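Report on one structure; see the data block that follows.
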Amino acid sequence: MDRHSIIDFVNFLLQRIYQPKQIADALILKAFEKVVTDVNYHFPDTSETTIVEKITTNQNELAMFLFRLGSELHHQNQEALKPQIHFLMKDLCGCEIYFNTTIDVGFYIIHGEGTVIGSRNTIGKGFVIHQHCTVGHKVNGSGNGNTIGNNVKMYCNSSVLGALTIGNNVTIGAHTMVNKNIKANTKVISSSRLEAL
């Protein structure tokens, strides 16, 4: 498979949509290139061919690709095209990531089922998130998003709720709810316990 296979794959996925709307090939390829950069941030030897195979067989990379594609549509003001990608992410991957959230290079999802990243968050490089995690607001539909630094990891069932600032190199342990700012180079291993890395 080559990178142009991803265009055929998107057109195949759009058949799941009632009255699908065509997406420009250039936007699909741009989103794919971002996923290649995301994966290579963590796994530098992974080839484009392998990444295409992972996307098309519904592995972690599919949710990443759909987010990157939805983000491209958002930045190009293609509002009519975004809902179908949002639907595919929920339908095929079981997760929900708002396209007006900004996530820098190195985004990686591991077992993304049940994961929600809400609107208006700003997330740095190397962000890794596991299953059933939430990055959101205290009140739905209002307030500023969270600001998350570089190389932050969230393990299963953890949450960041509010308009918080999470520093660089923070690890948020499983089953932890974060509702206050966290300094850089900190490991949060429960809702009430912090450790320096």
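Ordering of the structure tokens sets the chain letters (A, B, ...), residue numbers begin anew at 1 in every chain, and ligands are numbered from 1 in the order given.
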
Nearby residues (only C-alpha atoms) at most 8 Å from Tyr98 (chain A), same-chain spacing under 3 positions excluded, as a list of chain:residue names: A:Phe67, A:Thr101, A:Ile117, A:Gly118, A:Ser119, A:Arg120

message: Which residues are near region 32-47 of chain A? Cut-off 6 Å, only C-alpha atoms, ignore same chain within fewer than 4 positions. Put them as an MDAnalysis selection string.
response: chainID A and resid 65 105:107

- request: List the neighbours of region 77-94 of chain A out to 9 Å using only C-alpha atoms; skip same-chain residues closer than 4 positions along the sequence, and give me the result as JSON, numbers by chain.
  value: {"A": [13, 14, 16, 17, 18, 20, 21, 22, 23, 58, 59, 60, 62, 63, 66, 67, 69, 70, 71, 72, 73, 98, 99, 111, 112, 113, 114, 115]}

Please, could you write that set of residues out with C-alpha atoms as a PDB file, in the first residue's frame?
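Output saved as out_18.pdb:
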```
ATOM      1  CA  LEU A  13     -15.439   4.957   4.982  1.00  0.00           C
ATOM      2  CA  LEU A  14     -17.680   7.735   3.717  1.00  0.00           C
ATOM      3  CA  ARG A  16     -21.115   4.587   6.015  1.00  0.00           C
ATOM      4  CA  ILE A  17     -22.509   8.123   5.970  1.00  0.00           C
ATOM      5  CA  TYR A  18     -25.999   9.047   4.835  1.00  0.00           C
ATOM      6  CA  PRO A  20     -21.706  11.648   2.227  1.00  0.00           C
ATOM      7  CA  LYS A  21     -19.841  14.748   1.099  1.00  0.00           C
ATOM      8  CA  GLN A  22     -16.580  14.461  -0.842  1.00  0.00           C
ATOM      9  CA  ILE A  23     -13.334  15.541   0.837  1.00  0.00           C
ATOM     10  CA  ASN A  58      -8.677   0.138  12.750  1.00  0.00           C
ATOM     11  CA  GLN A  59      -5.725   0.268  15.082  1.00  0.00           C
ATOM     12  CA  ASN A  60      -4.726   3.222  17.272  1.00  0.00           C
ATOM     13  CA  LEU A  62      -7.273   5.332  12.779  1.00  0.00           C
ATOM     14  CA  ALA A  63      -8.577   7.594  15.558  1.00  0.00           C
ATOM     15  CA  LEU A  66      -9.700  10.930  11.799  1.00  0.00           C
ATOM     16  CA  PHE A  67      -8.808  13.641  14.326  1.00  0.00           C
ATOM     17  CA  LEU A  69      -8.535  14.982   9.085  1.00  0.00           C
ATOM     18  CA  GLY A  70     -11.288  16.691  11.081  1.00  0.00           C
ATOM     19  CA  SER A  71      -8.788  19.311  12.240  1.00  0.00           C
ATOM     20  CA  GLU A  72      -7.761  20.010   8.644  1.00  0.00           C
ATOM     21  CA  LEU A  73     -11.422  20.507   7.729  1.00  0.00           C
ATOM     22  CA  TYR A  98     -13.261  18.028  19.166  1.00  0.00           C
ATOM     23  CA  PHE A  99     -11.622  19.456  16.074  1.00  0.00           C
ATOM     24  CA  HIS A 111      -6.742   1.846  23.044  1.00  0.00           C
ATOM     25  CA  GLY A 112      -8.799   4.991  22.562  1.00  0.00           C
ATOM     26  CA  GLU A 113     -12.214   3.547  23.357  1.00  0.00           C
ATOM     27  CA  GLY A 114     -14.207   5.854  25.607  1.00  0.00           C
ATOM     28  CA  THR A 115     -11.727   8.702  25.374  1.00  0.00           C
TER      29      THR A 115
END
```

task: Name the residues of region 44-165 of chain A that come out as alpha helix (DSSP H) in a backbone DSSP run; write them as number ranges by chain.
output: A: 48-56, 60-75, 82-88

Same residues, N, CA, C and O atoms, saved as a tab-separated table (two decimals), in the first residue's frame:
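selection_18.tsv, written as the output of this step:
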```
chain	number	residue	atom	x	y	z
A	48	GLU	N	5.72	4.61	6.26
A	48	GLU	CA	4.40	5.07	5.82
A	48	GLU	C	3.50	3.89	5.47
A	48	GLU	O	2.30	3.91	5.76
A	49	THR	N	4.06	2.86	4.85
A	49	THR	CA	3.27	1.69	4.48
A	49	THR	C	2.67	1.03	5.71
A	49	THR	O	1.48	0.67	5.73
A	50	THR	N	3.46	0.89	6.76
A	50	THR	CA	2.96	0.30	8.01
A	50	THR	C	1.86	1.17	8.61
A	50	THR	O	0.85	0.65	9.12
A	51	ILE	N	2.04	2.48	8.57
A	51	ILE	CA	1.04	3.38	9.13
A	51	ILE	C	-0.26	3.31	8.35
A	51	ILE	O	-1.35	3.29	8.94
A	52	VAL	N	-0.19	3.22	7.02
A	52	VAL	CA	-1.41	3.03	6.22
A	52	VAL	C	-2.10	1.74	6.64
A	52	VAL	O	-3.33	1.70	6.82
A	53	GLU	N	-1.33	0.66	6.81
A	53	GLU	CA	-1.93	-0.63	7.22
A	53	GLU	C	-2.61	-0.51	8.57
A	53	GLU	O	-3.70	-1.06	8.78
A	54	LYS	N	-2.00	0.22	9.50
A	54	LYS	CA	-2.60	0.37	10.83
A	54	LYS	C	-3.89	1.20	10.77
A	54	LYS	O	-4.88	0.87	11.43
A	55	ILE	N	-3.88	2.27	9.98
A	55	ILE	CA	-5.09	3.08	9.84
A	55	ILE	C	-6.22	2.26	9.24
A	55	ILE	O	-7.35	2.29	9.72
A	56	THR	N	-5.91	1.51	8.20
A	56	THR	CA	-6.96	0.79	7.46
A	56	THR	C	-7.42	-0.48	8.15
A	56	THR	O	-8.40	-1.10	7.71
A	60	ASN	N	-4.79	1.91	16.61
A	60	ASN	CA	-4.73	3.22	17.27
A	60	ASN	C	-4.67	4.38	16.28
A	60	ASN	O	-5.23	5.44	16.52
A	61	GLU	N	-3.97	4.15	15.18
A	61	GLU	CA	-3.72	5.22	14.22
A	61	GLU	C	-4.98	5.69	13.50
A	61	GLU	O	-5.00	6.81	12.97
A	62	LEU	N	-6.05	4.89	13.46
A	62	LEU	CA	-7.27	5.33	12.78
A	62	LEU	C	-7.89	6.53	13.50
A	62	LEU	O	-8.24	7.52	12.86
A	63	ALA	N	-8.01	6.46	14.81
A	63	ALA	CA	-8.58	7.59	15.56
A	63	ALA	C	-7.71	8.83	15.40
A	63	ALA	O	-8.22	9.95	15.24
A	64	MET	N	-6.39	8.64	15.41
A	64	MET	CA	-5.48	9.77	15.21
A	64	MET	C	-5.69	10.39	13.83
A	64	MET	O	-5.75	11.61	13.69
A	65	PHE	N	-5.82	9.54	12.83
A	65	PHE	CA	-6.02	10.04	11.47
A	65	PHE	C	-7.34	10.79	11.33
A	65	PHE	O	-7.39	11.88	10.73
A	66	LEU	N	-8.41	10.25	11.89
A	66	LEU	CA	-9.70	10.93	11.80
A	66	LEU	C	-9.66	12.27	12.52
A	66	LEU	O	-10.25	13.25	12.05
A	67	PHE	N	-8.96	12.35	13.66
A	67	PHE	CA	-8.81	13.64	14.33
A	67	PHE	C	-8.04	14.62	13.45
A	67	PHE	O	-8.44	15.77	13.28
A	68	ARG	N	-6.93	14.17	12.89
A	68	ARG	CA	-6.13	15.06	12.04
A	68	ARG	C	-6.93	15.50	10.81
A	68	ARG	O	-6.84	16.67	10.39
A	69	LEU	N	-7.72	14.61	10.24
A	69	LEU	CA	-8.54	14.98	9.09
A	69	LEU	C	-9.61	15.99	9.49
A	69	LEU	O	-9.81	17.01	8.81
A	70	GLY	N	-10.29	15.74	10.60
A	70	GLY	CA	-11.29	16.69	11.08
A	70	GLY	C	-10.69	18.04	11.40
A	70	GLY	O	-11.30	19.09	11.13
A	71	SER	N	-9.47	18.05	11.94
A	71	SER	CA	-8.79	19.31	12.24
A	71	SER	C	-8.46	20.08	10.97
A	71	SER	O	-8.59	21.30	10.92
A	72	GLU	N	-8.02	19.35	9.93
A	72	GLU	CA	-7.76	20.01	8.64
A	72	GLU	C	-9.04	20.66	8.11
A	72	GLU	O	-9.02	21.80	7.63
A	73	LEU	N	-10.14	19.95	8.18
A	73	LEU	CA	-11.42	20.51	7.73
A	73	LEU	C	-11.79	21.74	8.56
A	73	LEU	O	-12.29	22.73	8.02
A	74	HIS	N	-11.56	21.67	9.87
A	74	HIS	CA	-11.86	22.80	10.75
A	74	HIS	C	-11.05	24.03	10.35
A	74	HIS	O	-11.60	25.13	10.23
A	75	HIS	N	-9.76	23.84	10.13
A	75	HIS	CA	-8.89	24.97	9.81
A	75	HIS	C	-9.15	25.53	8.42
A	75	HIS	O	-8.85	26.70	8.16
A	82	LYS	N	-17.23	18.37	8.41
A	82	LYS	CA	-16.75	17.89	9.70
A	82	LYS	C	-17.67	16.87	10.38
A	82	LYS	O	-17.15	15.88	10.94
A	83	PRO	N	-19.00	17.01	10.34
A	83	PRO	CA	-19.83	16.06	11.09
A	83	PRO	C	-19.65	14.61	10.67
A	83	PRO	O	-19.73	13.71	11.52
A	84	GLN	N	-19.39	14.36	9.39
A	84	GLN	CA	-19.24	12.97	8.96
A	84	GLN	C	-17.96	12.34	9.53
A	84	GLN	O	-17.94	11.15	9.86
A	85	ILE	N	-16.92	13.13	9.71
A	85	ILE	CA	-15.69	12.61	10.31
A	85	ILE	C	-15.89	12.40	11.80
A	85	ILE	O	-15.42	11.40	12.38
A	86	HIS	N	-16.61	13.31	12.44
A	86	HIS	CA	-16.95	13.15	13.86
A	86	HIS	C	-17.74	11.85	14.07
A	86	HIS	O	-17.46	11.08	15.00
A	87	PHE	N	-18.70	11.60	13.19
A	87	PHE	CA	-19.50	10.38	13.27
A	87	PHE	C	-18.61	9.14	13.12
A	87	PHE	O	-18.73	8.18	13.88
A	88	LEU	N	-17.71	9.15	12.15
A	88	LEU	CA	-16.85	7.99	11.90
A	88	LEU	C	-15.94	7.72	13.10
A	88	LEU	O	-15.70	6.56	13.46
```

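Those residues in region 43-135 of chain A carrying a DSSP assignment of strand (DSSP E or B), computed from the backbone, are Glu96, Ile97, Thr102, Ile103, Tyr108, Ile109, Val116, Ile117, Thr122, Ile123, Val128, Ile129, Thr134 and Val135 of chain A.
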
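Computed from the coordinates, the CA of Asn150 (chain A) to CA of Gly126 (chain A) distance equals 5.9 Å.
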
- line: For Val10 (chain A), the closest of A:Tyr108, A:Thr171, A:Leu27, A:Asn100 counting only C-alpha atoms is A:Leu27

- line: Shortest contact to Ile28 (chain A), candidates A:Ile109, A:Ile6, A:Val116, A:Ala163, atoms counted only C-alpha atoms, goes to A:Ile6

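In this model, the gap between CA of Glu96 (chain A) and CA of Lys183 (chain A) comes to 27.0 Å.
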
- prompt: Taking into account only C-alpha atoms, which residue in the set A:Gln19, A:Gln131, A:Ser190, A:Leu29 is nearest to Asp2 (chain A)?
  reply: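 Residue with the minimum atom-to-atom distance to Asp2 (chain A): A:Leu29.
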
- prompt: In terms of the shortest atom-to-atom distance over only C-alpha atoms, which of A:Thr147, A:Asn121, A:Asn179, A:Asn185 is closest to Ile166 (chain A)?
  reply: A:Thr147

- request: Go through A:Asn169, A:Thr57, A:Thr176, A:Asn181 one by one, measure the shortest atom-to-atom distance of each to Thr134 (chain A) using only C-alpha atoms, and give the residue with the smallest value.
  value: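 Nearest to Thr134 (chain A): A:Thr176.
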
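Between CA of Ala174 (chain A) and CA of Gly145 (chain A) the interatomic distance comes to 21.7 Å.
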